[in-house]
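Right, one structure below, let's go through it.
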Amino acid sequence: MGKASKDKRDIFYRLAKEQGWRARSAFKLLQADETFNLLEGVTRAVDLCAAPGGWSQVLSKKMYEPKTAEEREKVKIIAVDMQGMAPIDGVKQMRADITKESTAKEIIEFFGGQKAQLVVSDGAPDVTGMHDWDAYMQAQLLLSALSIATYILEEGGTFMGKVYRAANTSDVYRQLKRFFKDACVFKPSASRNSSIEAFVVCRQFCMPKDHVPCNLITEWYNIPGAALKNITGKERGPVEHLPFVGHKCEYDSDFTYELGDDYVPLEAVQKPLTAAYQEVVEKTRNMSIKYKGYKVSHANDPPPPQETEIEFDTDQTEPDP
Ligand SMILES: C[S@@+](CC[C@H](N)C(=O)[O-])C[C@H]1O[C@@H](n2cnc3c(N)ncnc32)[C@H](O)[C@@H]1O
């Protein structure tokens with residue numbers, strides 16, 4: 001598939017390259033800000049799961065770039081990811097795992113002991129294609145983002161995180177309602193209607209009385225009955241819903257747009273510095289994988305010739321062309 005083909009199928013992919021965003025996901029945060037004014041007056045923000053840096057670019061562009069040199073001194077933006085990313089003006093980078101308590105401590109140190117006014121998380125685990133599993137993993141990562149937010153967010157602060165609307169999402173909503181006075185599900189127009197992806201936008205963080213910040217996943221699974229009772233006052237919680245807010249704009253992310261005959265596709269603004277798949281590429285660099293096809297055989301057919309379908313040749317020094 002050529003570059004132009006993706007430009008045609010995905011208007012936000014094309015616009016991201018034209019406008020200088022590293023990832024099309026930048027539009028999702030821009031649209032959330034347009035809808036909720038998330039960034040208004042914010043000087044301390046955390047971008048969790050930030051690589052390759054589209055959301056951090058938005059934070060920099062809105063919170064840092066328009067400011068004077070003196071005002072910029074007060075702006076603190078930190079981007080956290082297990083993967084590395086190229087530098088962005090006004091954004092401190094931290095290569096770390098958001099599920100670790102040590103990460104929370106380092107973030108607070110960066111803010112000089114203060115807490116963040118805004119925590120955003122576009123975190124996504126590697127998708128397997130098994131929808132139930134992927135939705136479950138996404139919920140766990142959102143709970144991890146919420147867990148770290150309970151350490152680093154100031155009272156009254158705002159949290160935005162990616163969620164997959166699926167079977168277990170009610171449990172996640174219940175947790176969000178526990179910590180925020182106002183929470184809703186937001187669907188930016190840059191997120192395809194055909195995708196179960198959405199975002200939770202939670203405002204007015206309010207630490208429940210007697211809650212000590214902890215890993216909410218561990219809390220839940222160690223003492224599920226007790227945790228549920230603490231939160232809901234009941235043994236079994238009711239199904240939770242959150243209000244839904246959609247964003248509409250002139251572009252439709254599910255629509256295929258025609259490109260002019262003289263259209264020239266642009267290069268990506270910034271290729272990933274490191275990516276999870278790179279380790280696999282390294283490990284398989286000296287391995288030749290030859291796919292020899294397969295043949296359907298029937299009970300009465302003569303036995304097939306002895307032949308392996310996939311051949312590994314680990315002695316080779318160069319990959320096959
Ligand atoms: C969809 S990308 C984020 C895109 C980003 N918002 C942007 O606009 O460029 C998801 C990121 O989540 C990161 N991630 C997943 N699990 C993580 C974890 N436990 N700690 C830190 N980062 C994590 C991945 O490394 C990946 O870079």
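Residue numbers start at 1 in each chain; chains themselves are named A, B, ... in the order of the structure tokens; ligands are numbered from 1 in the order shown.
Each residue with an atom within 6 Å of any atom of ligand 1 appears in the list, which was built counting only C-alpha atoms and all ligand atoms: Ala23, Ser25, Ala26, Cys49, Ala50, Ala51, Pro52, Gly53, Gly54, Trp55, Asp81, Met82, Gln83, Ala96, Asp97, Ile98, Thr99, Asp122, Gly123, Ala124 and Pro125 of chain A.
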Preceding selection exported with C-alpha atoms as a short mmCIF file (atom, residue, chain, number, x, y, z; two decimals), in the first residue's frame:
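The new file selection_34.cif reads:
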```cif
data_model
loop_
_atom_site.label_atom_id
_atom_site.label_comp_id
_atom_site.auth_asym_id
_atom_site.auth_seq_id
_atom_site.Cartn_x
_atom_site.Cartn_y
_atom_site.Cartn_z
CA ALA A 23 0.79 11.53 15.04
CA SER A 25 -3.80 11.38 17.51
CA ALA A 26 -2.83 15.04 18.10
CA CYS A 49 2.25 7.11 27.31
CA ALA A 50 3.38 10.00 25.15
CA ALA A 51 5.50 8.56 22.31
CA PRO A 52 5.95 9.49 19.50
CA GLY A 53 4.78 12.83 20.94
CA GLY A 54 1.68 14.11 19.12
CA TRP A 55 -0.12 15.00 22.37
CA ASP A 81 6.73 6.60 27.88
CA MET A 82 8.62 3.33 27.85
CA GLN A 83 9.70 4.23 24.31
CA ALA A 96 9.55 5.02 32.33
CA ASP A 97 6.67 2.63 32.98
CA ILE A 98 3.49 4.34 34.22
CA THR A 99 2.57 1.31 36.34
CA ASP A 122 -3.35 8.01 25.33
CA GLY A 123 -1.74 4.75 26.47
CA ALA A 124 -2.34 1.65 24.42
CA PRO A 125 -0.93 -1.84 24.85
#
```
Find the residues around A:Ser194 up to 12 Å (only C-alpha atoms counted), leave out those fewer than 5 positions away in its own chain, and share them as a PyMOL selection string.
-> chain A and resi 164-165+187+189+252-255
Pull all heavy atoms from the residues just selected and write them as a compact mmCIF listing (two decimals), in the first residue's frame.
```
# COMPACT_ATOMS: atom_id res chain seq x y z
N TYR A 164 -11.56 1.71 25.77
CA TYR A 164 -12.31 0.98 24.73
C TYR A 164 -13.68 0.68 25.31
O TYR A 164 -13.77 0.09 26.38
CB TYR A 164 -11.61 -0.33 24.37
CG TYR A 164 -10.36 -0.19 23.54
CD1 TYR A 164 -9.54 -1.28 23.31
CD2 TYR A 164 -9.99 1.02 22.98
CE1 TYR A 164 -8.39 -1.17 22.55
CE2 TYR A 164 -8.85 1.14 22.22
CZ TYR A 164 -8.04 0.04 22.01
OH TYR A 164 -6.90 0.16 21.26
N ARG A 165 -14.72 1.11 24.63
CA ARG A 165 -16.07 0.85 25.13
C ARG A 165 -16.40 -0.62 24.90
O ARG A 165 -16.61 -1.04 23.76
CB ARG A 165 -17.08 1.76 24.44
CG ARG A 165 -16.96 3.21 24.90
CD ARG A 165 -17.72 4.15 24.02
NE ARG A 165 -17.25 4.08 22.65
CZ ARG A 165 -17.99 4.35 21.59
NH1 ARG A 165 -19.24 4.70 21.74
NH2 ARG A 165 -17.48 4.27 20.37
N LYS A 187 -15.96 11.30 22.39
CA LYS A 187 -15.56 10.69 21.12
C LYS A 187 -15.16 11.82 20.17
O LYS A 187 -16.01 12.54 19.63
CB LYS A 187 -16.74 9.90 20.54
CG LYS A 187 -16.44 9.17 19.24
CD LYS A 187 -15.62 7.92 19.45
CE LYS A 187 -15.47 7.13 18.14
NZ LYS A 187 -14.52 6.02 18.27
N SER A 189 -13.91 13.59 16.69
CA SER A 189 -14.20 13.18 15.31
C SER A 189 -12.97 12.58 14.64
O SER A 189 -13.09 11.89 13.63
CB SER A 189 -14.78 14.34 14.49
OG SER A 189 -14.08 15.52 14.75
N ASP A 252 -14.60 13.75 8.22
CA ASP A 252 -15.14 12.49 8.73
C ASP A 252 -14.02 11.45 8.64
O ASP A 252 -13.53 11.14 7.55
CB ASP A 252 -16.34 12.10 7.85
CG ASP A 252 -16.97 10.80 8.30
OD1 ASP A 252 -16.34 10.06 9.08
OD2 ASP A 252 -18.10 10.53 7.85
N SER A 253 -13.63 10.92 9.81
CA SER A 253 -12.48 10.00 9.80
C SER A 253 -12.82 8.65 9.17
O SER A 253 -11.92 7.86 8.91
CB SER A 253 -11.92 9.81 11.22
OG SER A 253 -12.94 9.51 12.11
N ASP A 254 -14.11 8.38 8.94
CA ASP A 254 -14.47 7.11 8.30
C ASP A 254 -14.65 7.26 6.79
O ASP A 254 -14.98 6.30 6.10
CB ASP A 254 -15.78 6.56 8.89
CG ASP A 254 -15.58 6.06 10.30
OD1 ASP A 254 -15.10 4.93 10.46
OD2 ASP A 254 -15.84 6.82 11.24
N PHE A 255 -14.43 8.48 6.28
CA PHE A 255 -14.70 8.77 4.88
C PHE A 255 -13.40 8.72 4.06
O PHE A 255 -12.34 9.12 4.55
CB PHE A 255 -15.34 10.16 4.78
CG PHE A 255 -15.90 10.51 3.44
CD1 PHE A 255 -17.13 10.00 3.04
CD2 PHE A 255 -15.20 11.34 2.58
CE1 PHE A 255 -17.64 10.33 1.80
CE2 PHE A 255 -15.70 11.67 1.33
CZ PHE A 255 -16.93 11.16 0.94
```
A:Ile196 environment, 12 Å, only C-alpha atoms, sequence neighbours closer than 6 positions dropped, as a PDB file with all heavy atoms, in the first residue's frame:
```
ATOM      1  N   HIS A 131     -10.440  -9.063  20.260  1.00  0.00           N
ATOM      2  CA  HIS A 131     -11.070  -7.839  20.763  1.00  0.00           C
ATOM      3  C   HIS A 131     -11.293  -7.838  22.274  1.00  0.00           C
ATOM      4  O   HIS A 131     -11.047  -6.835  22.937  1.00  0.00           O
ATOM      5  CB  HIS A 131     -12.393  -7.591  20.034  1.00  0.00           C
ATOM      6  CG  HIS A 131     -12.173  -7.326  18.570  1.00  0.00           C
ATOM      7  ND1 HIS A 131     -11.282  -6.392  18.127  1.00  0.00           N
ATOM      8  CD2 HIS A 131     -12.692  -7.906  17.473  1.00  0.00           C
ATOM      9  CE1 HIS A 131     -11.273  -6.393  16.805  1.00  0.00           C
ATOM     10  NE2 HIS A 131     -12.112  -7.303  16.381  1.00  0.00           N
ATOM     11  N   ASP A 132     -11.754  -8.988  22.808  1.00  0.00           N
ATOM     12  CA  ASP A 132     -12.035  -9.025  24.255  1.00  0.00           C
ATOM     13  C   ASP A 132     -10.751  -8.818  25.050  1.00  0.00           C
ATOM     14  O   ASP A 132     -10.712  -8.078  26.033  1.00  0.00           O
ATOM     15  CB  ASP A 132     -12.668 -10.365  24.649  1.00  0.00           C
ATOM     16  CG  ASP A 132     -14.085 -10.470  24.131  1.00  0.00           C
ATOM     17  OD1 ASP A 132     -14.611  -9.436  23.683  1.00  0.00           O
ATOM     18  OD2 ASP A 132     -14.654 -11.571  24.161  1.00  0.00           O
ATOM     19  N   ASP A 134      -7.965  -7.361  23.969  1.00  0.00           N
ATOM     20  CA  ASP A 134      -7.459  -5.996  23.771  1.00  0.00           C
ATOM     21  C   ASP A 134      -8.224  -4.999  24.651  1.00  0.00           C
ATOM     22  O   ASP A 134      -7.626  -4.111  25.256  1.00  0.00           O
ATOM     23  CB  ASP A 134      -7.579  -5.584  22.289  1.00  0.00           C
ATOM     24  CG  ASP A 134      -6.616  -6.369  21.412  1.00  0.00           C
ATOM     25  OD1 ASP A 134      -5.609  -6.882  21.947  1.00  0.00           O
ATOM     26  OD2 ASP A 134      -6.876  -6.482  20.195  1.00  0.00           O
ATOM     27  N   ALA A 135      -9.553  -5.180  24.732  1.00  0.00           N
ATOM     28  CA  ALA A 135     -10.366  -4.267  25.544  1.00  0.00           C
ATOM     29  C   ALA A 135     -10.007  -4.434  27.018  1.00  0.00           C
ATOM     30  O   ALA A 135      -9.913  -3.453  27.764  1.00  0.00           O
ATOM     31  CB  ALA A 135     -11.853  -4.549  25.319  1.00  0.00           C
ATOM     32  N   GLN A 138      -6.683  -2.770  27.613  1.00  0.00           N
ATOM     33  CA  GLN A 138      -6.829  -1.311  27.565  1.00  0.00           C
ATOM     34  C   GLN A 138      -7.404  -0.808  28.891  1.00  0.00           C
ATOM     35  O   GLN A 138      -6.962   0.215  29.423  1.00  0.00           O
ATOM     36  CB  GLN A 138      -7.753  -0.914  26.398  1.00  0.00           C
ATOM     37  CG  GLN A 138      -7.865   0.576  26.183  1.00  0.00           C
ATOM     38  CD  GLN A 138      -6.533   1.218  25.800  1.00  0.00           C
ATOM     39  OE1 GLN A 138      -5.767   0.668  25.023  1.00  0.00           O
ATOM     40  NE2 GLN A 138      -6.230   2.379  26.354  1.00  0.00           N
ATOM     41  N   LYS A 162      -7.559   7.196  27.469  1.00  0.00           N
ATOM     42  CA  LYS A 162      -8.177   6.415  26.398  1.00  0.00           C
ATOM     43  C   LYS A 162      -8.867   5.170  26.960  1.00  0.00           C
ATOM     44  O   LYS A 162      -8.333   4.481  27.813  1.00  0.00           O
ATOM     45  CB  LYS A 162      -7.090   5.970  25.412  1.00  0.00           C
ATOM     46  CG  LYS A 162      -7.713   5.465  24.118  1.00  0.00           C
ATOM     47  CD  LYS A 162      -6.904   4.527  23.271  1.00  0.00           C
ATOM     48  CE  LYS A 162      -5.498   4.738  22.976  1.00  0.00           C
ATOM     49  NZ  LYS A 162      -5.277   5.311  21.649  1.00  0.00           N
ATOM     50  N   VAL A 163     -10.072   4.898  26.439  1.00  0.00           N
ATOM     51  CA  VAL A 163     -10.834   3.735  26.895  1.00  0.00           C
ATOM     52  C   VAL A 163     -11.402   3.020  25.669  1.00  0.00           C
ATOM     53  O   VAL A 163     -11.617   3.648  24.629  1.00  0.00           O
ATOM     54  CB  VAL A 163     -11.971   4.197  27.859  1.00  0.00           C
ATOM     55  CG1 VAL A 163     -13.031   5.016  27.148  1.00  0.00           C
ATOM     56  CG2 VAL A 163     -12.607   3.037  28.595  1.00  0.00           C
ATOM     57  N   TYR A 164     -11.560   1.712  25.771  1.00  0.00           N
ATOM     58  CA  TYR A 164     -12.305   0.980  24.732  1.00  0.00           C
ATOM     59  C   TYR A 164     -13.679   0.684  25.309  1.00  0.00           C
ATOM     60  O   TYR A 164     -13.774   0.094  26.384  1.00  0.00           O
ATOM     61  CB  TYR A 164     -11.611  -0.332  24.375  1.00  0.00           C
ATOM     62  CG  TYR A 164     -10.357  -0.189  23.540  1.00  0.00           C
ATOM     63  CD1 TYR A 164      -9.539  -1.278  23.310  1.00  0.00           C
ATOM     64  CD2 TYR A 164      -9.995   1.024  22.975  1.00  0.00           C
ATOM     65  CE1 TYR A 164      -8.385  -1.169  22.545  1.00  0.00           C
ATOM     66  CE2 TYR A 164      -8.852   1.145  22.217  1.00  0.00           C
ATOM     67  CZ  TYR A 164      -8.044   0.044  22.006  1.00  0.00           C
ATOM     68  OH  TYR A 164      -6.904   0.158  21.257  1.00  0.00           O
ATOM     69  N   ARG A 165     -14.723   1.114  24.632  1.00  0.00           N
ATOM     70  CA  ARG A 165     -16.074   0.854  25.132  1.00  0.00           C
ATOM     71  C   ARG A 165     -16.402  -0.619  24.896  1.00  0.00           C
ATOM     72  O   ARG A 165     -16.615  -1.036  23.755  1.00  0.00           O
ATOM     73  CB  ARG A 165     -17.083   1.756  24.436  1.00  0.00           C
ATOM     74  CG  ARG A 165     -16.958   3.211  24.901  1.00  0.00           C
ATOM     75  CD  ARG A 165     -17.723   4.154  24.022  1.00  0.00           C
ATOM     76  NE  ARG A 165     -17.253   4.083  22.646  1.00  0.00           N
ATOM     77  CZ  ARG A 165     -17.989   4.354  21.589  1.00  0.00           C
ATOM     78  NH1 ARG A 165     -19.240   4.704  21.741  1.00  0.00           N
ATOM     79  NH2 ARG A 165     -17.478   4.266  20.375  1.00  0.00           N
ATOM     80  N   ALA A 166     -16.354  -1.420  25.963  1.00  0.00           N
ATOM     81  CA  ALA A 166     -16.540  -2.864  25.829  1.00  0.00           C
ATOM     82  C   ALA A 166     -17.162  -3.402  27.105  1.00  0.00           C
ATOM     83  O   ALA A 166     -17.569  -2.633  27.983  1.00  0.00           O
ATOM     84  CB  ALA A 166     -15.199  -3.517  25.564  1.00  0.00           C
ATOM     85  N   ALA A 167     -17.189  -4.741  27.219  1.00  0.00           N
ATOM     86  CA  ALA A 167     -17.936  -5.388  28.298  1.00  0.00           C
ATOM     87  C   ALA A 167     -17.526  -4.938  29.702  1.00  0.00           C
ATOM     88  O   ALA A 167     -18.368  -4.727  30.554  1.00  0.00           O
ATOM     89  CB  ALA A 167     -17.780  -6.897  28.164  1.00  0.00           C
ATOM     90  N   THR A 169     -16.112  -2.163  30.724  1.00  0.00           N
ATOM     91  CA  THR A 169     -15.860  -0.737  30.899  1.00  0.00           C
ATOM     92  C   THR A 169     -16.615  -0.164  32.096  1.00  0.00           C
ATOM     93  O   THR A 169     -16.191   0.811  32.696  1.00  0.00           O
ATOM     94  CB  THR A 169     -16.249   0.041  29.616  1.00  0.00           C
ATOM     95  OG1 THR A 169     -15.845  -0.744  28.506  1.00  0.00           O
ATOM     96  CG2 THR A 169     -15.562   1.369  29.536  1.00  0.00           C
ATOM     97  N   VAL A 185     -17.741  10.373  28.758  1.00  0.00           N
ATOM     98  CA  VAL A 185     -17.035   9.689  27.668  1.00  0.00           C
ATOM     99  C   VAL A 185     -17.048  10.631  26.472  1.00  0.00           C
ATOM    100  O   VAL A 185     -18.093  11.197  26.141  1.00  0.00           O
ATOM    101  CB  VAL A 185     -17.746   8.365  27.306  1.00  0.00           C
ATOM    102  CG1 VAL A 185     -17.107   7.732  26.077  1.00  0.00           C
ATOM    103  CG2 VAL A 185     -17.696   7.405  28.475  1.00  0.00           C
ATOM    104  N   PHE A 186     -15.885  10.811  25.862  1.00  0.00           N
ATOM    105  CA  PHE A 186     -15.753  11.763  24.759  1.00  0.00           C
ATOM    106  C   PHE A 186     -15.294  11.028  23.502  1.00  0.00           C
ATOM    107  O   PHE A 186     -14.345  10.239  23.554  1.00  0.00           O
ATOM    108  CB  PHE A 186     -14.728  12.831  25.148  1.00  0.00           C
ATOM    109  CG  PHE A 186     -14.406  13.800  24.051  1.00  0.00           C
ATOM    110  CD1 PHE A 186     -15.383  14.623  23.513  1.00  0.00           C
ATOM    111  CD2 PHE A 186     -13.114  13.894  23.539  1.00  0.00           C
ATOM    112  CE1 PHE A 186     -15.089  15.520  22.486  1.00  0.00           C
ATOM    113  CE2 PHE A 186     -12.807  14.789  22.519  1.00  0.00           C
ATOM    114  CZ  PHE A 186     -13.802  15.601  21.997  1.00  0.00           C
ATOM    115  N   LYS A 187     -15.959  11.299  22.394  1.00  0.00           N
ATOM    116  CA  LYS A 187     -15.559  10.693  21.116  1.00  0.00           C
ATOM    117  C   LYS A 187     -15.156  11.818  20.167  1.00  0.00           C
ATOM    118  O   LYS A 187     -16.006  12.538  19.634  1.00  0.00           O
ATOM    119  CB  LYS A 187     -16.742   9.900  20.542  1.00  0.00           C
ATOM    120  CG  LYS A 187     -16.436   9.172  19.243  1.00  0.00           C
ATOM    121  CD  LYS A 187     -15.623   7.917  19.447  1.00  0.00           C
ATOM    122  CE  LYS A 187     -15.471   7.135  18.144  1.00  0.00           C
ATOM    123  NZ  LYS A 187     -14.524   6.016  18.273  1.00  0.00           N
ATOM    124  N   PRO A 188     -13.850  12.001  19.955  1.00  0.00           N
ATOM    125  CA  PRO A 188     -13.418  13.051  19.015  1.00  0.00           C
ATOM    126  C   PRO A 188     -13.746  12.631  17.576  1.00  0.00           C
ATOM    127  O   PRO A 188     -13.803  11.432  17.300  1.00  0.00           O
ATOM    128  CB  PRO A 188     -11.885  13.086  19.200  1.00  0.00           C
ATOM    129  CG  PRO A 188     -11.539  12.106  20.252  1.00  0.00           C
ATOM    130  CD  PRO A 188     -12.724  11.238  20.515  1.00  0.00           C
TER     131      PRO A 188
END
```
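Among A:Phe159, A:Trp21, A:Tyr251, A:Phe12, the residue with the shortest atom-to-atom distance to A:Ala45, counting only C-alpha atoms, is A:Phe159.
Those residues that approach A:Gly156 to within 10 Å, counting only C-alpha atoms, are A:Gln117, A:Leu118, A:Leu153, A:Glu154, A:Thr158, A:Phe180, A:Lys181, A:Arg203, A:Gln204, A:Phe205, A:Cys206, A:Met207; same-chain residues fewer than 2 positions away are not listed.
Nearest residue to A:Ala4, choosing from A:Phe27, A:Lys17, A:Gly41, A:Val75 and counting only C-alpha atoms: A:Lys17.
Between atom CA of A:Asp10 and atom CA of A:Arg22 lies a distance of 14.8 Å.
Note that atom CA of A:Asp33 and atom CA of A:Gln175 are 23.3 Å apart.
Between atom CA of A:Val200 and atom CA of A:Met63 the separation is 21.4 Å.
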Rank A:Lys115, A:Lys6, A:Arg192, A:Arg24 by their smallest atom-to-atom distance to A:Val42, using only C-alpha atoms, and report the top residue only.
-> A:Lys115
Shell of 7 Å around stretch 273-279 of chain A, only C-alpha atoms, local chain residues under 2 positions omitted, as an mmCIF file with N, CA and C atoms, in the first residue's frame:
```cif
data_model
loop_
_atom_site.group_PDB
_atom_site.id
_atom_site.type_symbol
_atom_site.label_atom_id
_atom_site.label_comp_id
_atom_site.auth_asym_id
_atom_site.auth_seq_id
_atom_site.Cartn_x
_atom_site.Cartn_y
_atom_site.Cartn_z
ATOM 1 N N GLN A 83 8.945 4.014 25.550
ATOM 2 C CA GLN A 83 9.704 4.226 24.310
ATOM 3 C C GLN A 83 10.308 5.625 24.321
ATOM 4 N N GLY A 84 11.407 5.772 23.583
ATOM 5 C CA GLY A 84 12.016 7.094 23.482
ATOM 6 C C GLY A 84 11.276 7.953 22.464
ATOM 7 N N MET A 85 11.415 9.263 22.565
ATOM 8 C CA MET A 85 10.838 10.130 21.525
ATOM 9 C C MET A 85 11.726 11.351 21.291
ATOM 10 N N ALA A 86 11.642 11.903 20.106
ATOM 11 C CA ALA A 86 12.475 13.056 19.755
ATOM 12 C C ALA A 86 12.053 14.263 20.605
ATOM 13 N N LYS A 271 9.681 10.064 12.513
ATOM 14 C CA LYS A 271 9.555 8.605 12.656
ATOM 15 C C LYS A 271 9.860 8.220 14.107
ATOM 16 N N VAL A 281 12.507 -6.980 15.227
ATOM 17 C CA VAL A 281 13.267 -6.804 13.982
ATOM 18 C C VAL A 281 14.725 -7.185 14.228
ATOM 19 N N GLU A 282 15.283 -6.713 15.379
ATOM 20 C CA GLU A 282 16.679 -7.034 15.713
ATOM 21 C C GLU A 282 16.868 -8.540 15.847
ATOM 22 N N LYS A 283 15.939 -9.183 16.585
ATOM 23 C CA LYS A 283 16.098 -10.609 16.870
ATOM 24 C C LYS A 283 15.962 -11.456 15.613
#
```
Mind checking which residues fall within 12 Å of A:Tyr263, counting only C-alpha atoms, ignoring those fewer than 4 positions away in the same chain, and posting them as a VMD selection string?
-> chain A and resid 3 to 5 7 to 8 14 258 to 259
All residues 9 Å or closer to A:Asp89, only C-alpha atoms, same chain fewer than 6 positions away omitted, as a PyMOL selection string = chain A and resi 57+60-61+64-65
Quick one: write out the picked residues with N, CA, C and O atoms as a tab-separated table (two decimals), in the first residue's frame?
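The resulting file, out14.tsv, is shown below:
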```tsv
chain	number	residue	atom	x	y	z
A	57	GLN	N	3.22	17.54	21.67
A	57	GLN	CA	3.30	18.71	20.77
A	57	GLN	C	2.14	19.66	21.01
A	57	GLN	O	2.32	20.88	21.03
A	60	SER	N	2.73	21.52	24.21
A	60	SER	CA	3.76	22.54	24.00
A	60	SER	C	3.20	23.73	23.22
A	60	SER	O	3.40	24.89	23.58
A	61	LYS	N	2.48	23.42	22.16
A	61	LYS	CA	1.95	24.48	21.29
A	61	LYS	C	0.97	25.38	22.04
A	61	LYS	O	0.95	26.59	21.83
A	64	TYR	N	3.05	26.34	26.09
A	64	TYR	CA	4.42	26.84	26.19
A	64	TYR	C	4.75	27.86	25.10
A	64	TYR	O	5.16	28.99	25.41
A	65	GLU	N	4.50	27.50	23.86
A	65	GLU	CA	4.92	28.37	22.74
A	65	GLU	C	4.36	29.78	22.79
A	65	GLU	O	5.09	30.74	22.53
```
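Closest to A:Phe199 among A:Met160, A:Asn286, A:Asn168, A:Val80 is A:Met160, based on only C-alpha atoms.
Between A:Ala268 and the candidates A:Glu240, A:Glu18, A:Asp171, A:Glu34, the tightest atom-to-atom separation, counting only C-alpha atoms, involves A:Glu18.
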